[in-house]
Amino acid sequence: MAKKHLLHAVEELCGAGLSVYARAVAEGRIHRSEARAVPCLMELGLLRPDLDDVQWLRPGSPNALHDLCSGSHVPLGPDIEGPAITVLDGLSRINSAIDRAMLDVRDEFLAVQPGGTRPPETLAEVFPRDQAILTRGCRMRTLYQHTTRHSLPVLAYFEQLDGDTEARTLDEVTDRLFVFDRTVAFVPASKDRSIALELRHPALVEYFATTFWRLWRLATPMWPQAAPQPSEGGITTRQRAIAGLLVEGLTDAEIADRLGMNIRTARVHIAKLAATLGSNSRAQLGYLIGQAGLLNQPS
(Lines give C-alpha, C1' and ligand atoms only; values in the text may rest on other atoms or scores of the structure.)
Protein backbone atom coordinates (compact mmCIF):
# COMPACT_ATOMS: atom_id res chain seq x y z
CA MET A 1 0.00 0.00 0.00
CA ALA A 2 1.36 3.44 -0.95
CA LYS A 3 2.29 5.71 1.91
CA LYS A 4 -0.12 8.60 2.38
CA HIS A 5 1.40 11.94 1.42
CA LEU A 6 1.33 14.43 4.30
CA LEU A 7 0.71 18.10 3.60
CA HIS A 8 3.25 20.59 4.84
CA ALA A 9 4.31 24.24 4.64
CA VAL A 10 5.94 25.62 1.50
CA GLU A 11 9.25 26.12 3.32
CA GLU A 12 9.21 22.40 4.18
CA LEU A 13 8.64 21.16 0.63
CA CYS A 14 9.26 17.40 0.44
CA GLY A 15 11.88 15.87 -1.82
CA ALA A 16 9.33 14.31 -4.14
CA GLY A 17 7.46 17.59 -4.45
CA LEU A 18 10.66 19.53 -5.07
CA SER A 19 11.64 17.13 -7.86
CA VAL A 20 8.27 17.38 -9.62
CA TYR A 21 8.17 21.17 -9.21
CA ALA A 22 11.70 21.51 -10.63
CA ARG A 23 10.68 19.50 -13.71
CA ALA A 24 7.57 21.65 -14.16
CA VAL A 25 9.70 24.80 -14.03
CA ALA A 26 12.27 23.38 -16.45
CA GLU A 27 9.69 22.15 -18.97
CA GLY A 28 7.08 24.87 -18.49
CA ARG A 29 4.35 22.43 -17.48
CA ILE A 30 3.83 18.87 -16.26
CA HIS A 31 1.10 16.29 -16.87
CA ARG A 32 -1.48 16.03 -14.10
CA SER A 33 -0.86 12.28 -13.70
CA GLU A 34 2.77 12.94 -12.72
CA ALA A 35 1.71 15.27 -9.90
CA ARG A 36 -0.91 13.04 -8.27
CA ALA A 37 1.64 11.55 -5.87
CA VAL A 38 2.53 15.02 -4.52
CA PRO A 39 -0.78 16.85 -3.84
CA CYS A 40 1.16 19.34 -1.72
CA LEU A 41 2.14 21.19 -4.90
CA MET A 42 -1.47 21.97 -5.72
CA GLU A 43 -2.40 22.72 -2.12
CA LEU A 44 0.48 25.20 -1.81
CA GLY A 45 -0.22 26.85 -5.15
CA LEU A 46 3.08 25.76 -6.67
CA LEU A 47 1.27 24.05 -9.54
CA ARG A 48 -1.86 25.48 -11.10
CA PRO A 49 -4.24 24.08 -13.73
CA ASP A 50 -3.60 25.02 -17.32
CA LEU A 51 -7.08 26.22 -18.29
CA ASP A 52 -6.30 25.69 -21.97
CA ASP A 53 -5.78 21.98 -21.30
CA VAL A 54 -6.86 20.73 -17.87
CA GLN A 55 -4.71 17.59 -18.23
CA TRP A 56 -1.62 19.76 -17.66
CA LEU A 57 -0.35 21.84 -14.75
CA ARG A 58 1.84 24.92 -14.92
CA PRO A 59 4.25 26.09 -12.21
CA GLY A 60 3.52 29.10 -10.04
CA SER A 61 6.15 31.06 -8.18
CA PRO A 62 7.24 30.01 -4.64
CA ASN A 63 5.49 33.15 -3.39
CA ALA A 64 2.23 32.12 -5.03
CA LEU A 65 0.51 30.77 -1.93
CA HIS A 66 -1.60 33.90 -1.58
CA ASP A 67 -1.94 34.67 -5.25
CA LEU A 68 -5.02 33.57 -7.20
CA CYS A 69 -3.16 33.68 -10.46
CA SER A 70 -0.86 30.93 -9.20
CA GLY A 71 -3.82 28.72 -8.56
CA SER A 72 -4.47 28.43 -4.84
CA HIS A 73 -5.74 31.17 -2.50
CA VAL A 74 -6.36 34.89 -2.17
CA PRO A 75 -6.66 36.05 1.48
CA LEU A 76 -9.82 37.82 2.60
CA GLY A 77 -8.11 40.40 4.75
CA PRO A 78 -7.04 40.98 8.35
CA ASP A 79 -10.60 41.03 9.74
CA ILE A 80 -11.91 37.85 8.05
CA GLU A 81 -10.56 34.34 8.44
CA GLY A 82 -9.93 31.99 5.53
CA PRO A 83 -9.17 32.45 1.82
CA ALA A 84 -11.37 34.68 -0.34
CA ILE A 85 -10.96 32.46 -3.39
CA THR A 86 -9.95 28.81 -3.46
CA VAL A 87 -9.32 26.87 -6.66
CA LEU A 88 -10.85 23.39 -6.38
CA ASP A 89 -9.19 20.98 -8.80
CA GLY A 90 -11.03 17.72 -9.43
CA LEU A 91 -14.62 16.60 -8.93
CA SER A 92 -13.87 14.98 -5.57
CA ARG A 93 -12.54 18.25 -4.11
CA ILE A 94 -15.42 20.23 -5.63
CA ASN A 95 -18.06 17.85 -4.28
CA SER A 96 -16.43 17.73 -0.84
CA ALA A 97 -16.41 21.52 -0.59
CA ILE A 98 -20.05 21.75 -1.69
CA ASP A 99 -21.02 19.02 0.79
CA ARG A 100 -19.40 21.02 3.60
CA ALA A 101 -21.31 24.13 2.54
CA MET A 102 -24.55 22.13 2.48
CA LEU A 103 -23.92 21.01 6.05
CA ASP A 104 -23.26 24.58 7.20
CA VAL A 105 -26.11 26.39 5.40
CA ARG A 106 -28.84 27.60 7.73
CA ASP A 107 -31.02 30.11 5.86
CA GLU A 108 -30.81 30.07 2.08
CA PHE A 109 -29.49 27.98 -0.81
CA LEU A 110 -29.59 29.50 -4.31
CA ALA A 111 -28.75 27.42 -7.39
CA VAL A 112 -28.53 27.97 -11.13
CA GLN A 113 -28.65 24.72 -13.11
CA PRO A 114 -28.20 25.24 -16.87
CA GLY A 115 -29.17 22.57 -19.39
CA GLY A 116 -32.42 20.91 -20.29
CA THR A 117 -32.54 18.13 -17.72
CA ARG A 118 -30.58 16.39 -14.99
CA PRO A 119 -29.90 12.63 -14.90
CA PRO A 120 -32.24 10.71 -12.55
CA GLU A 121 -29.25 9.12 -10.79
CA THR A 122 -27.82 12.57 -10.02
CA LEU A 123 -31.16 13.76 -8.62
CA ALA A 124 -31.44 10.63 -6.50
CA GLU A 125 -27.95 11.22 -5.13
CA VAL A 126 -28.55 14.85 -4.12
CA PHE A 127 -32.12 14.35 -2.84
CA PRO A 128 -31.18 13.40 0.77
CA ARG A 129 -28.77 16.34 0.95
CA ASP A 130 -31.33 18.83 -0.35
CA GLN A 131 -34.11 17.45 1.86
CA ALA A 132 -31.84 17.78 4.89
CA ILE A 133 -31.37 21.53 4.44
CA LEU A 134 -35.12 22.00 3.89
CA THR A 135 -35.81 20.05 7.08
CA ARG A 136 -33.52 22.48 8.94
CA GLY A 137 -35.77 25.32 7.81
CA CYS A 138 -33.69 26.64 4.92
CA ARG A 139 -35.29 27.93 1.77
CA MET A 140 -34.09 26.60 -1.58
CA ARG A 141 -34.51 28.45 -4.87
CA THR A 142 -33.40 26.99 -8.21
CA LEU A 143 -33.20 28.53 -11.68
CA TYR A 144 -33.42 26.25 -14.71
CA GLN A 145 -33.87 26.78 -18.43
CA HIS A 146 -37.33 26.49 -19.98
CA THR A 147 -36.50 23.10 -21.49
CA THR A 148 -36.37 21.66 -17.96
CA ARG A 149 -40.12 22.24 -17.59
CA HIS A 150 -40.65 19.05 -19.59
CA SER A 151 -38.14 16.94 -17.64
CA LEU A 152 -40.07 14.26 -15.74
CA PRO A 153 -37.13 13.40 -13.43
CA VAL A 154 -36.79 17.04 -12.34
CA LEU A 155 -40.53 17.42 -11.80
CA ALA A 156 -40.66 14.20 -9.76
CA TYR A 157 -37.68 15.38 -7.71
CA PHE A 158 -39.46 18.59 -6.67
CA GLU A 159 -42.68 16.74 -5.95
CA GLN A 160 -40.82 14.60 -3.40
CA LEU A 161 -39.10 17.49 -1.61
CA ASP A 162 -40.82 18.71 1.55
CA GLY A 163 -40.09 22.28 2.59
CA ASP A 164 -39.65 25.83 1.34
CA THR A 165 -38.48 25.11 -2.20
CA GLU A 166 -39.34 26.74 -5.50
CA ALA A 167 -38.03 26.58 -9.07
CA ARG A 168 -38.32 28.98 -11.98
CA THR A 169 -37.15 28.91 -15.59
CA LEU A 170 -35.71 31.23 -18.24
CA ASP A 171 -34.69 30.79 -21.85
CA GLU A 172 -31.07 31.48 -20.88
CA VAL A 173 -29.31 31.42 -17.52
CA THR A 174 -25.75 31.89 -16.30
CA ASP A 175 -23.35 28.99 -15.95
CA ARG A 176 -23.77 26.79 -12.88
CA LEU A 177 -23.86 28.75 -9.63
CA PHE A 178 -24.41 27.83 -5.97
CA VAL A 179 -24.75 30.46 -3.21
CA PHE A 180 -25.08 29.50 0.46
CA ASP A 181 -26.33 32.02 3.08
CA ARG A 182 -24.63 34.81 1.12
CA THR A 183 -21.35 33.70 2.67
CA VAL A 184 -19.92 31.28 0.08
CA ALA A 185 -20.47 30.74 -3.64
CA PHE A 186 -19.25 28.14 -6.14
CA VAL A 187 -18.74 28.71 -9.88
CA PRO A 188 -17.04 26.55 -12.55
CA ALA A 189 -13.55 27.56 -13.70
CA SER A 190 -13.14 25.20 -16.68
CA LYS A 191 -15.37 24.18 -19.55
CA ASP A 192 -15.61 20.56 -18.38
CA ARG A 193 -16.36 21.72 -14.80
CA SER A 194 -13.48 19.71 -13.38
CA ILE A 195 -12.15 22.91 -11.82
CA ALA A 196 -14.25 25.28 -9.69
CA LEU A 197 -13.83 28.40 -7.59
CA GLU A 198 -14.96 28.55 -3.98
CA LEU A 199 -15.66 32.23 -3.30
CA ARG A 200 -15.88 33.74 0.17
CA HIS A 201 -15.11 37.38 -0.52
CA PRO A 202 -18.26 39.25 0.66
CA ALA A 203 -18.37 41.53 -2.40
CA LEU A 204 -18.15 38.63 -4.84
CA VAL A 205 -20.72 36.50 -3.02
CA GLU A 206 -23.12 39.46 -2.78
CA TYR A 207 -22.67 40.14 -6.50
CA PHE A 208 -23.63 36.56 -7.41
CA ALA A 209 -26.58 36.54 -5.02
CA THR A 210 -27.86 39.83 -6.46
CA THR A 211 -27.47 38.47 -10.00
CA PHE A 212 -29.48 35.40 -9.02
CA TRP A 213 -32.39 37.40 -7.58
CA ARG A 214 -32.54 39.72 -10.60
CA LEU A 215 -32.80 36.71 -12.89
CA TRP A 216 -35.34 35.17 -10.52
CA ARG A 217 -37.71 38.14 -10.89
CA LEU A 218 -37.59 37.72 -14.68
CA ALA A 219 -38.16 33.95 -14.57
CA THR A 220 -41.37 31.95 -14.94
CA PRO A 221 -42.55 29.74 -12.05
CA MET A 222 -42.06 26.04 -12.77
CA TRP A 223 -45.69 25.23 -11.99
CA PRO A 224 -48.08 24.62 -13.61
CA GLN A 225 -45.53 22.89 -15.77
CA ALA A 226 -48.09 21.64 -18.26
CA ALA A 227 -49.27 25.12 -19.29
CA PRO A 228 -49.02 25.56 -23.07
CA GLN A 229 -46.62 28.12 -24.48
CA PRO A 230 -48.47 31.27 -25.52
CA SER A 231 -48.18 32.11 -29.18
CA GLU A 232 -48.78 35.20 -31.26
CA GLY A 233 -49.34 34.79 -34.96
CA GLY A 234 -48.47 31.10 -34.60
CA ILE A 235 -45.03 31.87 -33.13
CA THR A 236 -44.31 30.62 -29.61
CA THR A 237 -42.18 32.37 -27.00
CA ARG A 238 -39.50 29.72 -27.52
CA GLN A 239 -39.39 30.49 -31.23
CA ARG A 240 -39.12 34.23 -30.50
CA ALA A 241 -36.12 33.50 -28.30
CA ILE A 242 -34.58 31.47 -31.13
CA ALA A 243 -35.33 34.28 -33.57
CA GLY A 244 -33.23 36.68 -31.51
CA LEU A 245 -30.30 34.28 -31.49
CA LEU A 246 -30.61 33.66 -35.24
CA VAL A 247 -30.34 37.37 -35.89
CA GLU A 248 -27.20 37.44 -33.71
CA GLY A 249 -25.69 35.00 -36.21
CA LEU A 250 -25.50 31.95 -33.95
CA THR A 251 -25.31 28.47 -35.44
CA ASP A 252 -27.88 25.76 -34.70
CA ALA A 253 -25.46 24.16 -32.24
CA GLU A 254 -24.82 27.45 -30.44
CA ILE A 255 -28.55 28.17 -30.20
CA ALA A 256 -29.17 24.71 -28.74
CA ASP A 257 -26.43 25.24 -26.17
CA ARG A 258 -27.67 28.69 -25.17
CA LEU A 259 -31.24 27.48 -24.69
CA GLY A 260 -30.40 24.16 -23.04
CA MET A 261 -31.87 21.90 -25.72
CA ASN A 262 -30.45 19.33 -28.10
CA ILE A 263 -29.57 20.41 -31.61
CA ARG A 264 -32.36 18.34 -33.19
CA THR A 265 -35.01 20.17 -31.12
CA ALA A 266 -33.45 23.51 -32.01
CA ARG A 267 -33.62 22.69 -35.71
CA VAL A 268 -37.27 21.64 -35.41
CA HIS A 269 -38.10 25.02 -33.86
CA ILE A 270 -36.09 26.85 -36.54
CA ALA A 271 -37.89 24.93 -39.29
CA LYS A 272 -41.30 25.75 -37.78
CA LEU A 273 -40.33 29.41 -37.46
CA ALA A 274 -39.18 29.50 -41.08
CA ALA A 275 -42.41 27.82 -42.25
CA THR A 276 -44.56 30.26 -40.28
CA LEU A 277 -42.75 33.27 -41.73
CA GLY A 278 -42.55 31.80 -45.24
CA SER A 279 -38.75 31.76 -45.39
CA ASN A 280 -36.79 29.72 -47.91
CA SER A 281 -33.27 30.49 -46.66
CA ARG A 282 -31.35 31.44 -43.53
CA ALA A 283 -30.65 34.94 -44.84
CA GLN A 284 -34.28 35.50 -45.76
CA LEU A 285 -35.35 34.19 -42.36
CA GLY A 286 -33.29 36.87 -40.63
CA TYR A 287 -34.89 39.56 -42.78
CA LEU A 288 -38.42 38.24 -42.14
CA ILE A 289 -37.80 38.08 -38.39
CA GLY A 290 -37.00 41.78 -38.46
CA GLN A 291 -39.99 42.57 -40.65
CA ALA A 292 -42.32 40.65 -38.34
CA GLY A 293 -41.16 42.71 -35.36
CA LEU A 294 -40.31 39.62 -33.33
CA LEU A 295 -37.25 41.27 -31.81
CA ASN A 296 -39.42 44.03 -30.36
CA GLN A 297 -41.63 41.58 -28.46
CA PRO A 298 -40.76 40.31 -24.98
CA SER A 299 -39.51 36.73 -25.04
# chains A, B, ... in the order shown; residues from 1 in each chain; ligands from 1
>>> residues_around(residues="range 196-211 of chain A", least_positions_apart="2", cutoff="9 Å", atoms="only C-alpha atoms", output="ChimeraX atom specification")
/A:75-76,82-91,94,97-98,110,177-180,182-190,193-194,213-216
>>> residues_around(residues="Arg168 in chain A", least_positions_apart="5", cutoff="9 Å", atoms="only C-alpha atoms", output="PyMOL selection string")
chain A and resi 141-146+149+216+219-223
>>> write_last_selection(atoms="N, CA, C and O atoms", output="PDB file, in the first residue's frame")
ATOM      1  N   ARG A 141     -34.000  27.887  -3.628  1.00  0.00           N
ATOM      2  CA  ARG A 141     -34.509  28.452  -4.872  1.00  0.00           C
ATOM      3  C   ARG A 141     -33.593  28.013  -6.010  1.00  0.00           C
ATOM      4  O   ARG A 141     -32.370  28.128  -5.910  1.00  0.00           O
ATOM      5  N   THR A 142     -34.186  27.520  -7.101  1.00  0.00           N
ATOM      6  CA  THR A 142     -33.403  26.985  -8.215  1.00  0.00           C
ATOM      7  C   THR A 142     -33.876  27.588  -9.526  1.00  0.00           C
ATOM      8  O   THR A 142     -35.084  27.654  -9.795  1.00  0.00           O
ATOM      9  N   LEU A 143     -32.923  28.021 -10.339  1.00  0.00           N
ATOM     10  CA  LEU A 143     -33.204  28.528 -11.680  1.00  0.00           C
ATOM     11  C   LEU A 143     -32.774  27.493 -12.712  1.00  0.00           C
ATOM     12  O   LEU A 143     -31.637  27.020 -12.696  1.00  0.00           O
ATOM     13  N   TYR A 144     -33.694  27.139 -13.603  1.00  0.00           N
ATOM     14  CA  TYR A 144     -33.418  26.251 -14.714  1.00  0.00           C
ATOM     15  C   TYR A 144     -33.695  26.982 -16.032  1.00  0.00           C
ATOM     16  O   TYR A 144     -34.161  28.117 -16.039  1.00  0.00           O
ATOM     17  N   GLN A 145     -33.447  26.283 -17.138  1.00  0.00           N
ATOM     18  CA  GLN A 145     -33.873  26.778 -18.430  1.00  0.00           C
ATOM     19  C   GLN A 145     -35.241  26.213 -18.768  1.00  0.00           C
ATOM     20  O   GLN A 145     -35.665  25.191 -18.212  1.00  0.00           O
ATOM     21  N   HIS A 146     -35.953  26.879 -19.693  1.00  0.00           N
ATOM     22  CA  HIS A 146     -37.332  26.487 -19.984  1.00  0.00           C
ATOM     23  C   HIS A 146     -37.457  25.028 -20.402  1.00  0.00           C
ATOM     24  O   HIS A 146     -38.486  24.386 -20.146  1.00  0.00           O
ATOM     25  N   ARG A 149     -38.705  22.350 -17.979  1.00  0.00           N
ATOM     26  CA  ARG A 149     -40.116  22.244 -17.592  1.00  0.00           C
ATOM     27  C   ARG A 149     -40.729  20.927 -18.051  1.00  0.00           C
ATOM     28  O   ARG A 149     -41.739  20.485 -17.504  1.00  0.00           O
ATOM     29  N   TRP A 216     -34.171  35.822 -11.112  1.00  0.00           N
ATOM     30  CA  TRP A 216     -35.345  35.174 -10.521  1.00  0.00           C
ATOM     31  C   TRP A 216     -36.618  35.979 -10.788  1.00  0.00           C
ATOM     32  O   TRP A 216     -37.670  35.423 -11.121  1.00  0.00           O
ATOM     33  N   ALA A 219     -37.898  35.349 -14.212  1.00  0.00           N
ATOM     34  CA  ALA A 219     -38.159  33.953 -14.568  1.00  0.00           C
ATOM     35  C   ALA A 219     -39.630  33.583 -14.384  1.00  0.00           C
ATOM     36  O   ALA A 219     -40.394  34.266 -13.701  1.00  0.00           O
ATOM     37  N   THR A 220     -40.007  32.468 -15.006  1.00  0.00           N
ATOM     38  CA  THR A 220     -41.372  31.949 -14.943  1.00  0.00           C
ATOM     39  C   THR A 220     -41.445  30.814 -13.928  1.00  0.00           C
ATOM     40  O   THR A 220     -40.619  29.896 -13.973  1.00  0.00           O
ATOM     41  N   PRO A 221     -42.416  30.840 -13.009  1.00  0.00           N
ATOM     42  CA  PRO A 221     -42.547  29.735 -12.049  1.00  0.00           C
ATOM     43  C   PRO A 221     -42.680  28.390 -12.758  1.00  0.00           C
ATOM     44  O   PRO A 221     -43.296  28.284 -13.823  1.00  0.00           O
ATOM     45  N   MET A 222     -42.098  27.374 -12.169  1.00  0.00           N
ATOM     46  CA  MET A 222     -42.063  26.045 -12.771  1.00  0.00           C
ATOM     47  C   MET A 222     -43.458  25.428 -12.879  1.00  0.00           C
ATOM     48  O   MET A 222     -43.731  24.629 -13.762  1.00  0.00           O
ATOM     49  N   TRP A 223     -44.364  25.808 -11.994  1.00  0.00           N
ATOM     50  CA  TRP A 223     -45.694  25.226 -11.987  1.00  0.00           C
ATOM     51  C   TRP A 223     -46.732  26.285 -12.313  1.00  0.00           C
ATOM     52  O   TRP A 223     -46.593  27.442 -11.875  1.00  0.00           O
TER      53      TRP A 223
END
>>> residues_around(residues="range 273-283 of chain A", least_positions_apart="3", cutoff="7 Å", atoms="only C-alpha atoms", output="MDAnalysis selection string")
chainID A and resid 234:235 239 269:270 286:288
>>> select_by_dssp(residues="range 135-202 of chain A", states="strand (DSSP E)", output="PyMOL selection string")
chain A and resi 139-145+164-170+177-180+184-188+195-199
>>> select_by_dssp(residues="range 88-153 of chain A", states="helix (DSSP H, G or I)", output="ChimeraX atom specification")
/A:91-104,120-135,146-150,152-153
>>> closest_residue(among="A:Gly115, A:Ile289, A:Pro49, A:Leu57", to="Glu27 in chain A", atoms="only C-alpha atoms")
A:Leu57
>>> residues_around(residues="Ile255 in chain A", least_positions_apart="6", cutoff="8 Å", atoms="only C-alpha atoms", output="mmCIF file with all heavy atoms, in the first residue's frame")
data_model
loop_
_atom_site.group_PDB
_atom_site.id
_atom_site.type_symbol
_atom_site.label_atom_id
_atom_site.label_comp_id
_atom_site.auth_asym_id
_atom_site.auth_seq_id
_atom_site.Cartn_x
_atom_site.Cartn_y
_atom_site.Cartn_z
ATOM 1 N N ILE A 242 -35.462 31.985 -30.088
ATOM 2 C CA ILE A 242 -34.577 31.470 -31.131
ATOM 3 C C ILE A 242 -34.378 32.512 -32.220
ATOM 4 O O ILE A 242 -33.271 32.680 -32.750
ATOM 5 C CB ILE A 242 -35.149 30.162 -31.712
ATOM 6 C CG1 ILE A 242 -35.002 29.031 -30.685
ATOM 7 C CG2 ILE A 242 -34.476 29.781 -33.022
ATOM 8 C CD1 ILE A 242 -35.639 27.724 -31.086
ATOM 9 N N LEU A 245 -31.627 34.874 -31.374
ATOM 10 C CA LEU A 245 -30.296 34.276 -31.494
ATOM 11 C C LEU A 245 -29.906 34.063 -32.957
ATOM 12 O O LEU A 245 -28.731 34.164 -33.317
ATOM 13 C CB LEU A 245 -30.258 32.952 -30.726
ATOM 14 C CG LEU A 245 -30.515 33.071 -29.216
ATOM 15 C CD1 LEU A 245 -30.483 31.697 -28.557
ATOM 16 C CD2 LEU A 245 -29.522 34.000 -28.556
ATOM 17 N N LEU A 246 -30.900 33.780 -33.799
ATOM 18 C CA LEU A 246 -30.612 33.655 -35.237
ATOM 19 C C LEU A 246 -30.105 34.976 -35.803
ATOM 20 O O LEU A 246 -29.147 35.006 -36.581
ATOM 21 C CB LEU A 246 -31.878 33.214 -35.986
ATOM 22 C CG LEU A 246 -32.264 31.740 -35.898
ATOM 23 C CD1 LEU A 246 -33.665 31.530 -36.456
ATOM 24 C CD2 LEU A 246 -31.259 30.876 -36.649
ATOM 25 N N ILE A 263 -29.619 19.720 -30.321
ATOM 26 C CA ILE A 263 -29.575 20.411 -31.610
ATOM 27 C C ILE A 263 -30.749 20.010 -32.508
ATOM 28 O O ILE A 263 -31.248 20.823 -33.288
ATOM 29 C CB ILE A 263 -28.221 20.158 -32.311
ATOM 30 C CG1 ILE A 263 -28.060 21.081 -33.522
ATOM 31 C CG2 ILE A 263 -28.067 18.695 -32.712
ATOM 32 C CD1 ILE A 263 -26.659 21.086 -34.096
ATOM 33 N N ALA A 266 -33.668 22.147 -31.532
ATOM 34 C CA ALA A 266 -33.449 23.512 -32.008
ATOM 35 C C ALA A 266 -33.785 23.620 -33.488
ATOM 36 O O ALA A 266 -34.429 24.589 -33.926
ATOM 37 C CB ALA A 266 -32.001 23.931 -31.754
#
>>> residues_around(residues="range 116-127 of chain A", least_positions_apart="6", cutoff="12 Å", atoms="only C-alpha atoms", output="PyMOL selection string")
chain A and resi 95+98-99+102+133-134+143-162+169-173+256-263+265
>>> atom_distance(atom1="CA of Met140 in chain A", atom2="CA of Asp192 in chain A")
25.7 Å
>>> atom_distance(atom1="CA of Arg29 in chain A", atom2="CA of Asp50 in chain A")
8.4 Å
